[in-house]
file coords-v8.tsv (TSV, C-alpha atoms)
chain	number	residue	atom	x	y	z
A	1	MET	CA	6.67	17.20	-33.90
A	2	MET	CA	7.19	15.55	-37.21
A	3	LEU	CA	5.58	16.35	-40.49
A	4	THR	CA	4.16	13.50	-42.46
A	5	GLY	CA	2.35	13.98	-45.73
A	6	GLY	CA	1.13	17.42	-44.79
A	7	LEU	CA	-0.26	16.20	-41.46
A	8	SER	CA	1.46	17.32	-38.31
A	9	VAL	CA	1.86	14.38	-35.97
A	10	LYS	CA	2.97	14.55	-32.40
A	11	GLY	CA	5.88	12.43	-31.34
A	12	PRO	CA	5.11	9.54	-29.01
A	13	MET	CA	6.79	11.28	-26.07
A	14	ASP	CA	4.87	14.55	-26.35
A	15	GLN	CA	1.94	13.12	-24.43
A	16	PHE	CA	4.04	12.99	-21.25
A	17	ILE	CA	5.10	16.64	-21.24
A	18	ILE	CA	3.91	18.53	-18.18
A	19	TYR	CA	2.47	21.98	-18.85
A	20	PRO	CA	1.32	24.55	-16.34
A	21	VAL	CA	-2.42	24.99	-16.78
A	22	VAL	CA	-2.89	27.70	-14.17
A	23	GLU	CA	0.31	29.51	-13.34
A	24	LEU	CA	0.73	30.05	-9.62
A	25	GLY	CA	3.69	30.90	-7.48
A	26	ILE	CA	4.70	31.88	-3.97
A	27	GLY	CA	7.69	34.16	-4.34
A	28	SER	CA	10.09	32.26	-6.54
A	29	VAL	CA	8.53	28.87	-5.80
A	30	ASP	CA	6.53	27.57	-8.73
A	31	ILE	CA	3.34	25.88	-7.56
A	32	SER	CA	1.48	26.04	-10.86
A	33	LEU	CA	-1.44	23.74	-11.40
A	34	THR	CA	-0.03	21.43	-14.05
A	35	ASN	CA	-1.93	19.15	-16.40
A	36	SER	CA	-0.70	16.23	-14.25
A	37	ALA	CA	-2.15	17.76	-11.09
A	38	LEU	CA	-5.31	18.71	-12.95
A	39	TRP	CA	-5.93	15.11	-14.03
A	40	MET	CA	-5.23	13.88	-10.52
A	41	LEU	CA	-7.84	16.33	-9.25
A	42	LEU	CA	-10.26	15.21	-11.94
A	43	ALA	CA	-9.72	11.56	-10.98
A	44	THR	CA	-10.36	12.37	-7.33
A	45	ALA	CA	-13.44	14.40	-8.22
A	46	ALA	CA	-14.74	11.57	-10.38
A	47	ILE	CA	-14.32	9.04	-7.57
A	48	ILE	CA	-16.08	11.31	-5.08
A	49	ALA	CA	-18.89	11.98	-7.54
A	50	PHE	CA	-19.26	8.30	-8.35
A	51	PHE	CA	-19.56	7.23	-4.73
A	52	PHE	CA	-21.76	10.21	-3.90
A	53	PHE	CA	-24.29	9.26	-6.54
A	54	ALA	CA	-23.89	5.54	-5.91
A	55	THR	CA	-24.65	5.82	-2.22
A	56	ARG	CA	-27.16	8.67	-2.35
A	57	ARG	CA	-30.21	6.44	-2.49
A	58	THR	CA	-29.13	3.11	-1.11
A	59	SER	CA	-31.73	0.40	-1.29
A	60	MET	CA	-32.02	-3.30	-0.58
A	61	ILE	CA	-32.33	-3.92	-4.29
A	62	PRO	CA	-29.39	-1.92	-5.59
A	63	GLY	CA	-29.48	0.02	-8.80
A	64	ARG	CA	-26.68	-0.13	-11.33
A	65	LEU	CA	-24.49	2.49	-9.71
A	66	GLN	CA	-24.94	1.11	-6.22
A	67	CYS	CA	-24.20	-2.36	-7.53
A	68	ALA	CA	-20.95	-1.20	-9.12
A	69	ALA	CA	-19.91	0.58	-5.94
A	70	GLU	CA	-20.72	-2.49	-3.84
A	71	VAL	CA	-18.74	-4.78	-6.12
A	72	LEU	CA	-15.72	-2.48	-5.88
A	73	TYR	CA	-16.10	-2.21	-2.11
A	74	GLU	CA	-16.40	-5.95	-1.57
A	75	PHE	CA	-13.59	-6.70	-3.97
A	76	ILE	CA	-11.15	-4.60	-1.98
A	77	PHE	CA	-12.65	-5.57	1.36
A	78	ASP	CA	-12.09	-9.26	0.59
A	79	LEU	CA	-8.63	-8.53	-0.71
A	80	VAL	CA	-7.62	-6.76	2.50
A	81	ARG	CA	-9.26	-9.35	4.75
A	82	ASP	CA	-7.75	-12.32	2.94
A	83	THR	CA	-4.28	-10.82	2.77
A	84	VAL	CA	-3.81	-8.94	6.01
A	85	GLY	CA	-6.34	-10.77	8.17
A	86	PRO	CA	-8.99	-9.36	10.52
A	87	GLU	CA	-6.71	-6.57	11.75
A	88	GLY	CA	-6.42	-5.41	8.16
A	89	ARG	CA	-9.82	-3.79	8.53
A	90	LYS	CA	-8.25	-0.52	9.62
A	91	PHE	CA	-6.25	-0.36	6.42
A	92	PHE	CA	-9.28	-0.87	4.24
A	93	PRO	CA	-9.95	2.87	3.69
A	94	TYR	CA	-6.38	3.41	2.59
A	95	VAL	CA	-6.19	0.43	0.24
A	96	PHE	CA	-9.60	1.26	-1.19
A	97	THR	CA	-8.58	4.88	-1.83
A	98	LEU	CA	-5.34	3.74	-3.41
A	99	PHE	CA	-7.08	1.27	-5.69
A	100	ALA	CA	-9.82	3.68	-6.69
A	101	PHE	CA	-7.34	6.47	-7.42
A	102	ILE	CA	-4.95	4.37	-9.51
A	103	LEU	CA	-7.80	2.72	-11.38
A	104	THR	CA	-9.48	6.03	-12.18
A	105	ALA	CA	-6.21	7.73	-13.10
A	106	ASN	CA	-5.34	4.83	-15.42
A	107	PHE	CA	-8.78	4.93	-17.01
A	108	PHE	CA	-8.65	8.70	-17.46
A	109	GLY	CA	-5.39	8.17	-19.31
A	110	MET	CA	-7.29	6.00	-21.78
A	111	ILE	CA	-9.57	8.85	-22.82
A	112	PRO	CA	-8.34	9.97	-26.23
A	113	SER	CA	-7.56	13.63	-26.73
A	114	LEU	CA	-9.63	15.61	-29.16
A	115	PRO	CA	-7.52	16.57	-32.15
A	116	GLY	CA	-6.67	20.21	-32.44
A	117	LEU	CA	-6.87	20.99	-28.75
A	118	PRO	CA	-3.98	22.94	-27.22
A	119	ALA	CA	-1.42	20.67	-25.59
A	120	LYS	CA	-2.32	21.57	-22.04
A	121	ALA	CA	-5.98	20.76	-22.57
A	122	GLN	CA	-5.30	17.22	-23.75
A	123	THR	CA	-5.86	14.16	-21.61
A	124	PHE	CA	-2.97	13.15	-19.45
A	125	THR	CA	-2.02	9.89	-17.74
A	126	THR	CA	-0.76	10.87	-14.32
A	127	THR	CA	0.34	7.33	-13.50
A	128	SER	CA	2.76	7.38	-16.44
A	129	HIS	CA	5.10	9.57	-14.40
A	130	LEU	CA	7.54	7.89	-12.06
A	131	VAL	CA	7.32	10.72	-9.54
A	132	VAL	CA	3.59	10.12	-9.07
A	133	THR	CA	3.83	6.35	-8.74
A	134	PHE	CA	6.86	6.62	-6.50
A	135	ALA	CA	4.99	9.00	-4.21
A	136	LEU	CA	2.11	6.51	-4.00
A	137	ALA	CA	4.56	3.69	-3.29
A	138	MET	CA	6.29	5.72	-0.59
A	139	ILE	CA	2.95	6.37	1.12
A	140	SER	CA	2.35	2.61	1.24
A	141	VAL	CA	5.83	1.81	2.50
A	142	THR	CA	5.75	4.61	5.07
A	143	ILE	CA	2.51	3.24	6.47
A	144	VAL	CA	4.09	-0.23	6.58
A	145	VAL	CA	7.16	1.00	8.44
A	146	VAL	CA	5.28	3.24	10.88
A	147	TYR	CA	2.62	0.64	11.62
A	148	GLY	CA	5.20	-2.15	11.86
A	149	ILE	CA	7.29	-0.29	14.40
A	150	TRP	CA	4.25	0.97	16.31
A	151	LYS	CA	2.83	-2.54	16.57
A	152	ASN	CA	5.95	-4.66	17.00
A	153	GLY	CA	8.50	-2.19	18.32
A	154	ALA	CA	11.98	-3.54	17.74
A	155	GLY	CA	10.34	-6.84	16.80
A	156	PHE	CA	9.70	-5.23	13.40
A	157	LEU	CA	13.37	-5.85	12.66
A	158	ARG	CA	12.71	-9.58	12.81
A	159	LEU	CA	11.34	-9.06	9.32
A	160	PHE	CA	14.97	-8.93	8.19
A	161	ALA	CA	15.98	-12.07	10.08
A	162	PRO	CA	13.33	-14.78	9.85
A	163	SER	CA	13.78	-17.21	12.73
A	164	GLY	CA	14.73	-20.86	12.48
A	165	GLN	CA	17.81	-20.65	10.26
A	166	PRO	CA	21.30	-21.79	11.12
A	167	LEU	CA	23.60	-18.92	12.12
A	168	PRO	CA	25.85	-18.75	9.00
A	169	ILE	CA	22.79	-18.39	6.78
A	170	TYR	CA	21.98	-15.07	8.43
A	171	PHE	CA	25.08	-13.47	6.95
A	172	ILE	CA	23.53	-13.95	3.53
A	173	LEU	CA	19.89	-13.75	4.51
A	174	VAL	CA	19.93	-10.42	6.33
A	175	PRO	CA	21.48	-8.36	3.49
A	176	VAL	CA	19.17	-10.04	1.01
A	177	GLU	CA	16.13	-9.29	3.19
A	178	ILE	CA	17.23	-5.67	3.54
A	179	ILE	CA	17.68	-5.31	-0.21
A	180	SER	CA	14.33	-6.95	-0.78
A	181	PHE	CA	12.65	-4.55	1.67
A	182	LEU	CA	14.32	-1.47	0.19
A	183	SER	CA	13.41	-2.51	-3.32
A	184	ARG	CA	9.70	-2.63	-2.49
A	185	PRO	CA	8.81	1.01	-3.07
A	186	LEU	CA	10.91	1.06	-6.21
A	187	SER	CA	9.34	-2.07	-7.64
A	188	LEU	CA	5.84	-0.79	-6.85
A	189	ALA	CA	6.63	2.52	-8.51
A	190	ILE	CA	8.46	1.15	-11.56
A	191	ARG	CA	5.80	-1.46	-12.29
A	192	LEU	CA	2.90	0.96	-12.52
A	193	PHE	CA	4.88	3.69	-14.24
A	194	ALA	CA	6.52	1.38	-16.80
A	195	ASN	CA	3.26	-0.31	-17.74
A	196	MET	CA	1.35	2.91	-18.30
A	197	PHE	CA	4.30	4.64	-19.97
A	198	ALA	CA	5.07	1.80	-22.37
A	199	GLY	CA	1.43	1.18	-23.22
A	200	HIS	CA	0.81	4.79	-24.14
A	201	ILE	CA	3.97	4.98	-26.22
A	202	ILE	CA	2.97	1.88	-28.16
A	203	LEU	CA	-0.45	3.39	-28.86
A	204	LYS	CA	1.12	6.59	-30.15
A	205	VAL	CA	3.71	4.77	-32.24
A	206	PHE	CA	1.05	2.63	-33.90
A	207	ALA	CA	-1.08	5.71	-34.47
A	208	GLY	CA	1.94	7.36	-36.08
A	209	PHE	CA	2.27	4.39	-38.44
A	210	VAL	CA	-1.33	4.77	-39.53
A	211	VAL	CA	-0.88	8.46	-40.30
A	212	SER	CA	2.44	7.96	-42.09
A	213	LEU	CA	1.16	5.09	-44.20
A	214	SER	CA	-2.08	6.77	-45.17
A	215	GLY	CA	-0.08	9.90	-45.99
A	216	ALA	CA	2.12	7.86	-48.33
A	217	GLY	CA	-1.00	6.83	-50.26
A	218	GLY	CA	-1.56	3.96	-52.68
A	219	VAL	CA	-0.69	0.48	-51.45
A	220	PHE	CA	0.84	1.91	-48.29
A	221	ALA	CA	-2.49	3.38	-47.30
A	222	LEU	CA	-3.98	-0.11	-47.52
A	223	ILE	CA	-1.21	-1.55	-45.35
A	224	GLY	CA	-2.12	1.13	-42.83
A	225	ILE	CA	-5.06	-0.99	-41.76
A	226	PHE	CA	-2.71	-3.34	-39.86
A	227	PRO	CA	-1.30	-0.84	-37.38
A	228	PHE	CA	-4.87	0.40	-37.00
A	229	LEU	CA	-5.98	-3.10	-35.97
A	230	GLY	CA	-2.95	-3.12	-33.71
A	231	ILE	CA	-4.19	0.05	-32.01
A	232	ILE	CA	-7.54	-1.60	-31.31
A	233	ALA	CA	-5.83	-4.66	-29.82
A	234	VAL	CA	-3.41	-2.60	-27.73
A	235	THR	CA	-6.24	-0.36	-26.51
A	236	LEU	CA	-8.11	-3.40	-25.24
A	237	LEU	CA	-4.94	-4.70	-23.63
A	238	GLU	CA	-4.36	-1.30	-22.03
A	239	PHE	CA	-7.78	-1.43	-20.38
A	240	LEU	CA	-6.85	-4.80	-18.89
A	241	ILE	CA	-3.49	-3.42	-17.78
A	242	ALA	CA	-5.18	-0.38	-16.23
A	243	VAL	CA	-7.31	-2.61	-13.99
A	244	LEU	CA	-4.58	-5.13	-13.37
A	245	GLN	CA	-1.97	-2.59	-12.33
A	246	ALA	CA	-4.36	-0.95	-9.88
A	247	TYR	CA	-5.06	-4.41	-8.48
A	248	VAL	CA	-1.36	-5.31	-8.29
A	249	PHE	CA	-0.56	-2.07	-6.47
A	250	ALA	CA	-3.36	-2.68	-3.98
A	251	ILE	CA	-2.57	-6.35	-3.35
A	252	LEU	CA	1.16	-5.72	-2.92
A	253	SER	CA	0.43	-2.90	-0.49
A	254	CYS	CA	-1.74	-5.39	1.42
A	255	ILE	CA	1.01	-8.00	1.43
A	256	TYR	CA	3.51	-5.49	2.78
A	257	LEU	CA	1.00	-4.41	5.43
A	258	ALA	CA	0.55	-8.07	6.36
A	259	ASP	CA	4.32	-8.33	6.74
A	260	ALA	CA	4.31	-5.36	9.08
A	261	ALA	CA	1.40	-6.73	11.07
A	262	HIS	CA	3.00	-10.14	11.52
A	263	ALA	CA	6.65	-9.09	11.62
A	264	ALA	CA	7.21	-10.32	15.15
A	265	ASP	CA	5.99	-13.84	14.29
A	266	HIS	CA	8.72	-14.34	11.72
B	1	MET	CA	2.99	-23.90	-9.47
B	2	ASN	CA	0.07	-26.18	-9.94
B	3	GLY	CA	-1.32	-25.68	-6.49
B	4	SER	CA	-0.48	-22.03	-6.18
B	5	ALA	CA	-3.17	-20.94	-8.55
B	6	MET	CA	-5.76	-22.75	-6.54
B	7	THR	CA	-4.77	-21.59	-3.09
B	8	ASP	CA	-6.17	-18.17	-3.79
B	9	VAL	CA	-9.66	-19.52	-3.77
B	10	PRO	CA	-10.19	-20.83	-0.26
B	11	SER	CA	-10.58	-24.54	-0.65
B	12	SER	CA	-11.01	-25.31	3.02
B	13	GLY	CA	-13.43	-22.48	3.65
B	14	GLY	CA	-16.48	-24.68	3.93
B	15	GLU	CA	-19.94	-23.80	2.73
B	16	ASN	CA	-19.87	-20.34	4.25
B	17	SER	CA	-17.09	-18.98	2.10
B	18	GLY	CA	-18.45	-20.86	-0.87
B	19	LYS	CA	-21.66	-18.89	-0.58
B	20	GLU	CA	-19.71	-15.71	-0.19
B	21	ARG	CA	-17.80	-16.37	-3.39
B	22	ASP	CA	-21.00	-16.84	-5.34
B	23	ARG	CA	-22.06	-13.30	-4.60
B	24	HIS	CA	-19.03	-11.82	-6.28
B	25	PRO	CA	-19.12	-11.31	-9.99
B	26	TYR	CA	-15.52	-10.10	-10.15
B	27	PRO	CA	-12.85	-12.46	-11.46
B	28	SER	CA	-11.72	-14.00	-8.21
B	29	SER	CA	-10.63	-17.17	-9.95
B	30	SER	CA	-7.05	-18.09	-10.55
B	31	LEU	CA	-6.46	-15.94	-13.63
B	32	PHE	CA	-6.43	-12.50	-12.06
B	33	PRO	CA	-3.94	-13.06	-9.22
B	34	ASP	CA	-1.77	-15.18	-11.49
B	35	LEU	CA	-1.58	-12.46	-14.10
B	36	ALA	CA	-0.83	-9.97	-11.37
B	37	ARG	CA	2.02	-12.12	-10.10
B	38	ALA	CA	3.41	-12.67	-13.56
B	39	LEU	CA	3.36	-8.94	-14.24
B	40	SER	CA	5.04	-8.10	-10.96
B	41	ALA	CA	7.93	-10.55	-11.24
B	42	SER	CA	10.07	-8.56	-13.65
B	43	SER	CA	9.88	-5.31	-11.75
B	44	GLN	CA	10.75	-7.07	-8.48
B	45	LEU	CA	13.97	-8.32	-10.03
B	46	LEU	CA	14.73	-4.96	-11.61
B	47	ALA	CA	14.06	-3.03	-8.40
B	48	ALA	CA	16.26	-5.33	-6.31
B	49	LEU	CA	19.08	-4.92	-8.83
B	50	LEU	CA	18.68	-1.14	-8.91
B	51	VAL	CA	18.54	-0.73	-5.14
B	52	ALA	CA	21.53	-2.96	-4.44
B	53	GLY	CA	23.46	-1.53	-7.36
B	54	ALA	CA	22.78	2.02	-6.20
B	55	ALA	CA	23.81	1.14	-2.65
B	56	GLY	CA	27.04	-0.36	-4.01
B	57	PHE	CA	27.66	2.71	-6.15
B	58	GLY	CA	27.12	4.97	-3.14
B	59	LEU	CA	29.52	2.92	-1.01
B	60	ASP	CA	32.08	3.08	-3.79
B	61	ARG	CA	31.80	6.87	-3.91
B	62	LEU	CA	32.28	7.05	-0.15
B	63	ALA	CA	35.13	4.56	0.06
B	64	GLY	CA	36.70	5.34	-3.31
B	65	SER	CA	36.83	1.66	-4.10
B	66	SER	CA	35.09	1.77	-7.46
B	67	PRO	CA	33.87	-0.62	-8.83
B	68	LEU	CA	34.15	-3.14	-5.99
B	69	PHE	CA	30.95	-2.45	-4.09
B	70	LEU	CA	29.02	-1.77	-7.27
B	71	LEU	CA	29.79	-5.26	-8.54
B	72	ALA	CA	29.09	-6.82	-5.14
B	73	GLY	CA	25.84	-4.84	-4.98
B	74	ILE	CA	24.69	-6.00	-8.39
B	75	GLY	CA	25.49	-9.59	-7.40
B	76	ALA	CA	23.60	-9.26	-4.13
B	77	GLY	CA	20.73	-7.54	-5.91
B	78	PHE	CA	20.47	-10.38	-8.37
B	79	VAL	CA	20.44	-12.95	-5.56
B	80	ALA	CA	17.79	-10.94	-3.71
B	81	GLY	CA	15.71	-10.55	-6.86
B	82	ILE	CA	15.77	-14.26	-7.59
B	83	MET	CA	14.87	-15.00	-3.98
B	84	ILE	CA	11.93	-12.59	-4.09
B	85	ILE	CA	10.61	-14.21	-7.25
B	86	SER	CA	11.08	-17.76	-6.02
B	87	ARG	CA	9.23	-16.87	-2.82
B	88	MET	CA	6.47	-15.27	-4.77
B	89	LEU	CA	6.05	-18.45	-6.76
B	90	LYS	CA	5.89	-20.54	-3.61
B	91	ASP	CA	3.51	-18.25	-1.80
B	92	PRO	CA	0.75	-17.03	-4.10
B	93	ARG	CA	-0.10	-14.18	-1.76
B	94	GLY	CA	3.23	-12.52	-2.22
B	95	SER	CA	6.80	-12.07	-1.27
B	96	SER	CA	6.51	-12.63	2.47
B	97	GLY	CA	8.33	-15.76	3.45
B	98	SER	CA	5.92	-16.82	6.14
B	99	GLY	CA	2.73	-16.82	4.11
B	100	LYS	CA	0.77	-16.00	7.24
B	101	GLY	CA	-1.80	-14.03	5.33
B	102	THR	CA	-2.67	-17.02	3.24
B	103	GLU	CA	-3.18	-19.41	6.12
B	104	ARG	CA	-5.50	-17.00	7.85
B	105	ASN	CA	-7.84	-17.43	4.97
B	106	GLY	CA	-8.95	-21.02	5.47

call {"tool": "encode", "arguments": {"input": "coords-v8.tsv", "output": "structure tokens"}}
result
Amino acid sequence: MMLTGGLSVKGPMDQFIIYPVVELGIGSVDISLTNSALWMLLATAAIIAFFFFATRRTSMIPGRLQCAAEVLYEFIFDLVRDTVGPEGRKFFPYVFTLFAFILTANFFGMIPSLPGLPAKAQTFTTTSHLVVTFALAMISVTIVVVYGIWKNGAGFLRLFAPSGQPLPIYFILVPVEIISFLSRPLSLAIRLFANMFAGHIILKVFAGFVVSLSGAGGVFALIGIFPFLGIIAVTLLEFLIAVLQAYVFAILSCIYLADAAHAADH
Amino acid sequence: MNGSAMTDVPSSGGENSGKERDRHPYPSSSLFPDLARALSASSQLLAALLVAGAAGFGLDRLAGSSPLFLLAGIGAGFVAGIMIISRMLKDPRGSSGSGKGTERNG
């Protein structure tokens, strides 16, 4: 907390603090419902509600909700089919869930908090925590590994040694392939986390400028309009990033699934 | 680079896929995947560096040879990162070397 011109302003990092909303525990194990978990539940509930209402009265001439749901469905369906191929169909539910969850969680993070609310009641961006994005990434990579081994057996290891290279090349290629494979969950996780984290910090920092400048009064208050315009621009950018990062996560998961599906052909 | 943006939209798909494309109002043109690739490049490099560096650090702790493996790991991570990015630029659908997913499309 910092005090500026009589107004108390939260620091840019305060928005990422996890609070227990409902305190629960089994023995000494803390399983409290935190604000992070709460917003994940809200995102899930919103997705279920959206698709419940969108598909409740399906008709040949779709209404607005049904149209939106169909666009989302076809978008991901095409993505999976084009990337993984026909056998990717069985991964569609997973990729669709992943995309919908990340998209909704990102969007929920864009809802501004009402001023004056207690900290644990404020909106929270679950995807701005590395532990959440890393868990999502590990689910993707686990599916890739399990499916790859189930489908190709030991042939899955050919992923690390693409055929048709002269022998000495393999001494360099295999370690590089292994590093590249191991870095996948990390890069998936870091990308989503860093984008959401950085974006929300920038918003808060700009907002802090506005408050500080208007608190200083006079000419400074007039200059305060510029960071305010900056907030508008960054907010718009953040909406783009929210969609784009969900898309990137989904498409990269698809690419990795395609790798697992075709590992033996390498 | 020039062709990579275009390969996302199936060019050899014939009239069937052309019709299919018309139904979709979402931005399936070159901008969206290109932006996605551009945004993913940096974290690929970073992740490769981190993973290889951490592996090197771990080996150093085990073998007591600090900082030999750490340096080798960072070097290998950099090579791997550059390779991932260069592959991604060649194959618009991602980091897989074979690009099988792309060919299936046409």

call {"tool": "atom_distance", "arguments": {"input": "coords-v8.tsv", "atom1": "atom CA of A:Thr83", "atom2": "atom CA of A:Val132"}}
result
25.3 Å

call {"tool": "closest_atom_pairs", "arguments": {"input": "coords-v8.tsv", "of": "chain A", "to": "chain B", "cutoff": "6 Å", "atoms": "all atoms listed in the file", "output": "Markdown table"}}
result
| residue | atom | partner | partner_atom | distance |
| --- | --- | --- | --- | --- |
| A:Asp82 | CA | B:Asn105 | CA | 5.5 |
| A:Thr83 | CA | B:Gly101 | CA | 4.8 |
| A:Val84 | CA | B:Gly101 | CA | 5.5 |
| A:Val176 | CA | B:Ala80 | CA | 5.0 |
| A:Ser183 | CA | B:Ala48 | CA | 5.0 |
| A:Leu186 | CA | B:Ala47 | CA | 5.6 |
| A:Ser187 | CA | B:Ala47 | CA | 4.9 |
| A:Arg191 | CA | B:Ser43 | CA | 5.6 |
| A:Val248 | CA | B:Ala36 | CA | 5.6 |

call {"tool": "closest_residue", "arguments": {"input": "coords-v8.tsv", "among": "B:Met88, B:Ile82, B:Ala38, B:Leu68", "to": "A:Ile179", "atoms": "all atoms listed in the file"}}
result
B:Ile82

call {"tool": "atom_distance", "arguments": {"input": "coords-v8.tsv", "atom1": "atom CA of A:Gly153", "atom2": "atom CA of A:Ile251"}}
result
24.7 Å

call {"tool": "atom_distance", "arguments": {"input": "coords-v8.tsv", "atom1": "atom CA of A:Ile231", "atom2": "atom CA of A:Ala198"}}
result
13.5 Å

call {"tool": "residues_around", "arguments": {"input": "coords-v8.tsv", "residues": "stretch 46-55 of chain A", "least_positions_apart": "4", "cutoff": "7 Å", "atoms": "all atoms listed in the file", "output": "ChimeraX atom specification"}}
result
/A:42,65-66,69

call {"tool": "residues_around", "arguments": {"input": "coords-v8.tsv", "residues": "A:Lys204", "least_positions_apart": "3", "cutoff": "6 Å", "atoms": "all atoms listed in the file", "output": "ChimeraX atom specification"}}
result
/A:12,201,207

call {"tool": "write_last_selection", "arguments": {"input": "coords-v8.tsv", "atoms": "C-alpha atoms", "output": "PDB file, keeping the file's coordinate frame"}}
result
ATOM      1  CA  PRO A  12       5.110   9.540 -29.010  1.00  0.00           C
ATOM      2  CA  ILE A 201       3.970   4.980 -26.220  1.00  0.00           C
ATOM      3  CA  ALA A 207      -1.080   5.710 -34.470  1.00  0.00           C
TER       4      ALA A 207
END

call {"tool": "residues_around", "arguments": {"input": "coords-v8.tsv", "residues": "stretch 56-59 of chain B", "least_positions_apart": "5", "cutoff": "7 Å", "atoms": "only C-alpha atoms", "output": "mmCIF file with C-alpha atoms, in the coordinates of the input"}}
result
data_model
loop_
_atom_site.group_PDB
_atom_site.id
_atom_site.type_symbol
_atom_site.label_atom_id
_atom_site.label_comp_id
_atom_site.auth_asym_id
_atom_site.auth_seq_id
_atom_site.Cartn_x
_atom_site.Cartn_y
_atom_site.Cartn_z
ATOM 1 C CA PHE B 69 30.950 -2.450 -4.090
ATOM 2 C CA LEU B 70 29.020 -1.770 -7.270
ATOM 3 C CA ALA B 72 29.090 -6.820 -5.140
ATOM 4 C CA GLY B 73 25.840 -4.840 -4.980
#

call {"tool": "closest_residue", "arguments": {"input": "coords-v8.tsv", "among": "A:Phe77, A:Phe156, A:Tyr247, A:Phe193", "to": "A:Phe16", "atoms": "only C-alpha atoms"}}
result
A:Phe193

call {"tool": "residues_around", "arguments": {"input": "coords-v8.tsv", "residues": "stretch 32-38 of chain A", "least_positions_apart": "4", "cutoff": "8 Å", "atoms": "only C-alpha atoms", "output": "CSV table (one decimal) with C-alpha atoms, in the coordinates of the input"}}
result
chain,number,residue,atom,x,y,z
A,18,ILE,CA,3.9,18.5,-18.2
A,19,TYR,CA,2.5,22.0,-18.8
A,20,PRO,CA,1.3,24.6,-16.3
A,21,VAL,CA,-2.4,25.0,-16.8
A,22,VAL,CA,-2.9,27.7,-14.2
A,23,GLU,CA,0.3,29.5,-13.3
A,24,LEU,CA,0.7,30.0,-9.6
A,25,GLY,CA,3.7,30.9,-7.5
A,42,LEU,CA,-10.3,15.2,-11.9
A,120,LYS,CA,-2.3,21.6,-22.0
A,121,ALA,CA,-6.0,20.8,-22.6
A,124,PHE,CA,-3.0,13.2,-19.4
A,125,THR,CA,-2.0,9.9,-17.7
A,126,THR,CA,-0.8,10.9,-14.3
